[in-house]
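**Student:** Sending over a structure as structure tokens; questions will come in a sec.
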Amino acid sequence: MVLGAALLARAGTPRARIAAGAAIAIGGALVWLWEWLDRKRLAGPDPVLRRIVKRVDAARADRALRALSLVSATGAPSGVSEELAKLHVARTLADVPKARVLERAARAAGRATALAVVVGLGILAVAVVDGWSVLEGADVLLARGAVAPFSMQWLDGIELTARPPDYLHESEIREVGLSSLVLPFGTEIALRGAPVRSGRRLLLTDGVTEVPLVEDGAGALVARWRLADTTTLRVIARFGAVAIEQADRLPVQSIPDAAPRVELESAPREVRLADEVEDIPIRYRATDDHGLREVQLVLRSGAREERRVLSRLDGETQSDEGGQVLRLRDPFLRRSHAPIAVSVEAKDNDPLSGPKWGASAAITVIPADVGEPEARRLEALRRVRDALVDSLAWRLDSPVRGLAHAPSAAHAVEETKRATANEHTLDDALAQTYGGLTVPARTRALLTAQRAKVRGAVDAEGRAPSEGTHDATTAATERFALVVDAIVRGLAARQTRDAARQLVDVAEDLVSGATQAQADAADTRARGTTRMDAAEGVLRAGARNLHTFGALGRDIGEIVAVDCARVDRARAATDLVHAELAARDLAARLHQPDPSFGARGTAQRGGGESGGGRGTEEDEGGAPDDVEQAFDEAKGELDRLSQDHAGAVGKTEQLLAGAESDEEQGGLRDEAKRHAQAIRDAASSLPAVGGGATRGRARARPRASSPSRRRALSKSRAPKRPRRRAMPP
């Protein structure tokens, strides 16, 4: 029974193991029950006489039973002595045929022995034919879980071949037997060996994944394993859900393909755009243990991310270094109001688990408040205007009529001193960088032209002091001041609208934060609250800067401040619905940054309710018509100069384009040669200088007879240059 149970358990299924265990338990229980019943049946003389002696001699067995009935537990019956009864029983039992009883028992024992011999021979035959199956079944039957308690030998003559991934360009590793190995990630391990016993399902496993060992066509079994993590490989034989392991194992340590290492110069650090005057240099060095594919510059601000390729590599290069300059006026920096993390990331060439990215430490760029660089630039231009107004006031209060020669000299010195101071103030304003912002090129050209006019008037007055030259200087200064005032007004209005457009994104982010703050999830509400706090901080800082941008700036800035106060009141009352509505109203208003009062889209100043108030110098005073007229005249002069320049460049390009054919170039060269020869003939009679007439003639340069011919001649001798485009007006 035990043999059959072991063979049944070898199937390895839970049902087979349960059936085998149950069979062994039931068999043992039956044997014990049989022994117990047999002992119970033969306990005492009566069962022996009835079950054994009666089958040999029934008459004597009955007589013995009757004799025994005369003796009870309380003694002999009445009228019969106890000694007589015992004597009768002894004589009756002595008359039992013991020899015949023993003979019959011997025959029964012989039959049992023969049966046992037959069964034993059968078990021996099974053990000789497939004894390992019995042992395997017993091992499977004793398993606790999915692994049998005793190991067995399944493969002999084991050989290993380890082939690293192709992209590493490393040679194969060959080993005999199972020994500890250290291999790169992705190595293909081939295990080959001869099976000890056929008919078993052998596998190579790490305890989770199993790879079957298959025939290689030469009588051996082979399995191929792709190495991932550090593990221990072992050969097992699978019997259903139970595995019997081989004793020796293969520990393998995996060396992963490490992510690239990237170093960013001067990182980590913080850069505040409001304090920077130079662009941010990005210098990096990226290395990898096997090879690099790509290097990118990564800019992250909140939920926004932008990647820029710095270098593309072949996957074999193990190190790369380079750099780039991040402009302060970079569009990503200009559109971001939250801190910006600037880092460099490199991608390796791992084709197995996928490319991995390595990132450097970050340079954190803190953007300026909305409108802060513009406000600083506007303040610098206001200082220029104030200096010009002061100089104009002095010139109006200092007439030259009736002055003697000495006072005129002192007056000229003061004029020059003031003009120089004004130029220094203007140069400082034009040279500075305001958080990455500079004075526009067209405005710079306009101011430079006006400065030249004032300087020319001052120099003329210094050479010939008179009432006329002084009036010319005063008029030039007045016009310069009016032009600067017009520029300040125009920049203030334009910067207000630009700042409003930037604040639109912040207001919409405030709306999104208010929506998130109303969500059911606690983490979403927390993110929404943080988002609202950040957006409100940016809006309030932008409102403060808007107040410095003139009437329209104060109008829009006060609207921003009022709507932020509405949002705060709603949040204090835990009324996020109305907070969201106030944020949406602010975003809609900022989409149209026009004055709250007066015609929209014009330069009219709003009333007091809209923040117009008393205004500033550029909003009130003087004569706005004079300002606009002076600005328009200066702008017209600059436009005319630009158009003249563009026309001249266009004509030059036309002439150059018209002389591109070989025939025309040949004709021009012939004409140039004729003119050159005529010049040489005319100069042949001149006296020699230095090295003689020959050198003098050799140094002579022909002169074309017309501007067009001179240009054609210079083109025929000079190498071609790329065409220049006309400067836009």
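Each chain in the structure tokens gets a letter, A, B, ..., in the order shown, and its residues are numbered from 1; ligands are numbered from 1 in order too.
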Skipping near chain neighbours, those fewer than 2 positions away, what residues fall within 7 Å of range 163-173 of chain A using only C-alpha atoms, listed as a ChimeraX atom specification?
**Tutor:** /A:161,175,184,186-189,290
**Student:** For Pro331 in chain A, find every residue with an atom within 12 Å (counting only C-alpha atoms), except residues of its own chain fewer than 5 positions away, and show them as a PyMOL selection string.
**Tutor:** chain A and resi 299+306+326+336-337+436
**Student:** Keeping only N, CA, C and O atoms, write those residues as a tab-separated table (two decimals), in the first residue's frame.
**Tutor:**
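This is the output file part-v3.tsv:
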```tsv
chain	number	residue	atom	x	y	z
A	299	LEU	N	14.16	72.31	-18.76
A	299	LEU	CA	13.61	73.43	-18.00
A	299	LEU	C	12.27	73.00	-17.45
A	299	LEU	O	11.38	72.57	-18.20
A	306	GLU	N	10.13	71.77	-20.63
A	306	GLU	CA	10.64	71.95	-22.00
A	306	GLU	C	12.02	71.33	-22.08
A	306	GLU	O	12.87	71.54	-21.20
A	326	LEU	N	21.92	80.26	-21.60
A	326	LEU	CA	20.49	80.45	-21.40
A	326	LEU	C	20.22	81.94	-21.29
A	326	LEU	O	20.65	82.59	-20.33
A	336	SER	N	7.34	81.95	-17.42
A	336	SER	CA	7.26	81.26	-16.13
A	336	SER	C	7.25	82.27	-15.00
A	336	SER	O	8.05	83.21	-14.99
A	337	HIS	N	6.37	82.06	-14.06
A	337	HIS	CA	6.29	82.91	-12.88
A	337	HIS	C	6.64	82.14	-11.60
A	337	HIS	O	6.83	82.75	-10.56
A	436	GLY	N	17.27	90.89	-17.68
A	436	GLY	CA	17.25	90.33	-19.02
A	436	GLY	C	16.58	91.21	-20.04
A	436	GLY	O	16.57	90.88	-21.23
```
**Student:** As number ranges by chain, please: the residues near range 96-101 of chain A (cut-off 12 Å, only C-alpha atoms, same-chain neighbours under 4 positions excluded).
**Tutor:** A: 48-49, 51-65, 89-92, 105-108
**Student:** Report as a VMD selection string all protein, DNA and RNA residues lying within 8 Å of Ala517 in chain A, evaluated on only C-alpha atoms, omitting residues in the same chain fewer than 2 positions from it.
**Tutor:** chain A and resid 513 to 515 519 524 to 529 576
**Student:** From the list A:Val370, A:Leu552, A:Ala476, A:Val384, which residue is nearest Val506 in chain A when using only C-alpha atoms?
**Tutor:**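 Checking each of A:Val370, A:Leu552, A:Ala476, A:Val384 against Val506 in chain A, counting only C-alpha atoms, the winner is A:Val370.
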**Student:** Find the residues near Leu539 in chain A: any atom within 12 Å, counting only C-alpha atoms, skip ones fewer than 5 places away on the same chain, and give them as a ChimeraX atom specification.
**Tutor:** /A:337-338,369-371,499-510,532-534,544-546,556-565,567,583,586-587,590
**Student:** Write to file, as a tab-separated table (two decimals), in the first residue's frame, the residues of the selection just made, with N, CA and C atoms.
**Tutor:**
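Now in result.tsv:
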```tsv
chain	number	residue	atom	x	y	z
A	337	HIS	N	6.37	82.06	-14.06
A	337	HIS	CA	6.29	82.91	-12.88
A	337	HIS	C	6.64	82.14	-11.60
A	338	ALA	N	6.66	80.81	-11.69
A	338	ALA	CA	7.11	79.98	-10.57
A	338	ALA	C	8.61	79.70	-10.75
A	369	ASP	N	9.26	89.36	-10.50
A	369	ASP	CA	7.82	89.59	-10.45
A	369	ASP	C	7.34	90.13	-11.79
A	370	VAL	N	6.08	89.87	-12.09
A	370	VAL	CA	5.52	90.34	-13.36
A	370	VAL	C	5.62	91.86	-13.41
A	371	GLY	N	6.28	92.36	-14.45
A	371	GLY	CA	6.41	93.80	-14.63
A	371	GLY	C	7.58	94.42	-13.91
A	499	ALA	N	2.08	93.11	-19.33
A	499	ALA	CA	1.97	92.54	-17.98
A	499	ALA	C	0.59	91.94	-17.75
A	500	ALA	N	-0.44	92.58	-18.29
A	500	ALA	CA	-1.80	92.03	-18.14
A	500	ALA	C	-1.91	90.68	-18.84
A	501	ARG	N	-1.29	90.56	-20.01
A	501	ARG	CA	-1.33	89.27	-20.70
A	501	ARG	C	-0.60	88.19	-19.91
A	502	GLN	N	0.49	88.56	-19.25
A	502	GLN	CA	1.18	87.58	-18.41
A	502	GLN	C	0.34	87.20	-17.20
A	503	LEU	N	-0.33	88.18	-16.63
A	503	LEU	CA	-1.15	87.90	-15.45
A	503	LEU	C	-2.39	87.10	-15.79
A	504	VAL	N	-2.78	87.10	-17.07
A	504	VAL	CA	-3.92	86.26	-17.46
A	504	VAL	C	-3.63	84.80	-17.15
A	505	ASP	N	-2.42	84.33	-17.49
A	505	ASP	CA	-2.06	82.94	-17.21
A	505	ASP	C	-2.08	82.67	-15.71
A	506	VAL	N	-1.60	83.63	-14.93
A	506	VAL	CA	-1.59	83.45	-13.48
A	506	VAL	C	-3.02	83.40	-12.93
A	507	ALA	N	-3.88	84.27	-13.46
A	507	ALA	CA	-5.28	84.27	-13.01
A	507	ALA	C	-5.97	82.96	-13.38
A	508	GLU	N	-5.69	82.44	-14.56
A	508	GLU	CA	-6.27	81.16	-14.94
A	508	GLU	C	-5.72	80.03	-14.07
A	509	ASP	N	-4.46	80.14	-13.67
A	509	ASP	CA	-3.92	79.15	-12.73
A	509	ASP	C	-4.61	79.26	-11.38
A	510	LEU	N	-4.97	80.48	-10.98
A	510	LEU	CA	-5.74	80.67	-9.75
A	510	LEU	C	-7.10	80.00	-9.87
A	532	MET	N	-3.29	78.06	-5.31
A	532	MET	CA	-3.94	79.36	-5.15
A	532	MET	C	-3.04	80.35	-4.43
A	533	ASP	N	-2.35	79.88	-3.37
A	533	ASP	CA	-1.45	80.78	-2.64
A	533	ASP	C	-0.34	81.31	-3.55
A	534	ALA	N	0.25	80.42	-4.36
A	534	ALA	CA	1.33	80.86	-5.26
A	534	ALA	C	0.80	81.85	-6.30
A	544	ARG	N	1.51	95.54	-7.79
A	544	ARG	CA	2.39	96.61	-7.28
A	544	ARG	C	3.21	97.21	-8.41
A	545	ASN	N	3.71	96.38	-9.31
A	545	ASN	CA	4.49	96.91	-10.43
A	545	ASN	C	3.61	97.65	-11.42
A	546	LEU	N	2.39	97.19	-11.62
A	546	LEU	CA	1.49	97.87	-12.54
A	546	LEU	C	1.20	99.30	-12.09
A	556	ILE	N	-5.39	98.93	-14.13
A	556	ILE	CA	-5.36	97.46	-14.14
A	556	ILE	C	-4.82	96.92	-12.82
A	557	GLY	N	-3.81	97.60	-12.24
A	557	GLY	CA	-3.26	97.13	-10.96
A	557	GLY	C	-4.28	97.17	-9.85
A	558	GLU	N	-5.11	98.22	-9.82
A	558	GLU	CA	-6.13	98.30	-8.77
A	558	GLU	C	-7.20	97.22	-8.98
A	559	ILE	N	-7.52	96.92	-10.24
A	559	ILE	CA	-8.48	95.84	-10.50
A	559	ILE	C	-7.93	94.51	-9.99
A	560	VAL	N	-6.65	94.25	-10.24
A	560	VAL	CA	-6.04	93.00	-9.76
A	560	VAL	C	-6.08	92.95	-8.24
A	561	ALA	N	-5.71	94.05	-7.58
A	561	ALA	CA	-5.70	94.07	-6.11
A	561	ALA	C	-7.10	93.85	-5.55
A	562	VAL	N	-8.11	94.50	-6.15
A	562	VAL	CA	-9.49	94.35	-5.65
A	562	VAL	C	-9.99	92.92	-5.83
A	563	ASP	N	-9.73	92.33	-6.99
A	563	ASP	CA	-10.20	90.96	-7.21
A	563	ASP	C	-9.45	89.97	-6.32
A	564	CYS	N	-8.17	90.22	-6.05
A	564	CYS	CA	-7.45	89.35	-5.09
A	564	CYS	C	-8.08	89.46	-3.70
A	565	ALA	N	-8.49	90.67	-3.33
A	565	ALA	CA	-9.17	90.83	-2.04
A	565	ALA	C	-10.49	90.08	-2.02
A	567	VAL	N	-11.13	87.33	-3.67
A	567	VAL	CA	-10.78	85.92	-3.51
A	567	VAL	C	-10.43	85.61	-2.06
A	583	ALA	N	-11.93	84.75	-9.37
A	583	ALA	CA	-10.73	84.51	-10.18
A	583	ALA	C	-11.07	84.49	-11.67
A	586	LEU	N	-11.50	88.05	-12.82
A	586	LEU	CA	-10.22	88.71	-13.00
A	586	LEU	C	-9.55	88.27	-14.29
A	587	ALA	N	-9.60	86.98	-14.60
A	587	ALA	CA	-8.98	86.49	-15.84
A	587	ALA	C	-9.66	87.10	-17.06
A	590	LEU	N	-8.53	90.77	-17.39
A	590	LEU	CA	-7.16	90.91	-17.86
A	590	LEU	C	-7.02	90.57	-19.33
```
**Student:** Mind checking DSSP for range 140-335 of chain A and telling me the strand (DSSP E or B) residues as a VMD selection string?
**Tutor:** chain A and resid 144 147 155 to 163 173 to 176 181 to 184 188 to 195 202 to 205 210 to 212 214 to 215 221 to 226 231 to 239 242 to 255 261 to 264 269 to 272 280 to 287 292 to 301 304 to 312 319 to 326
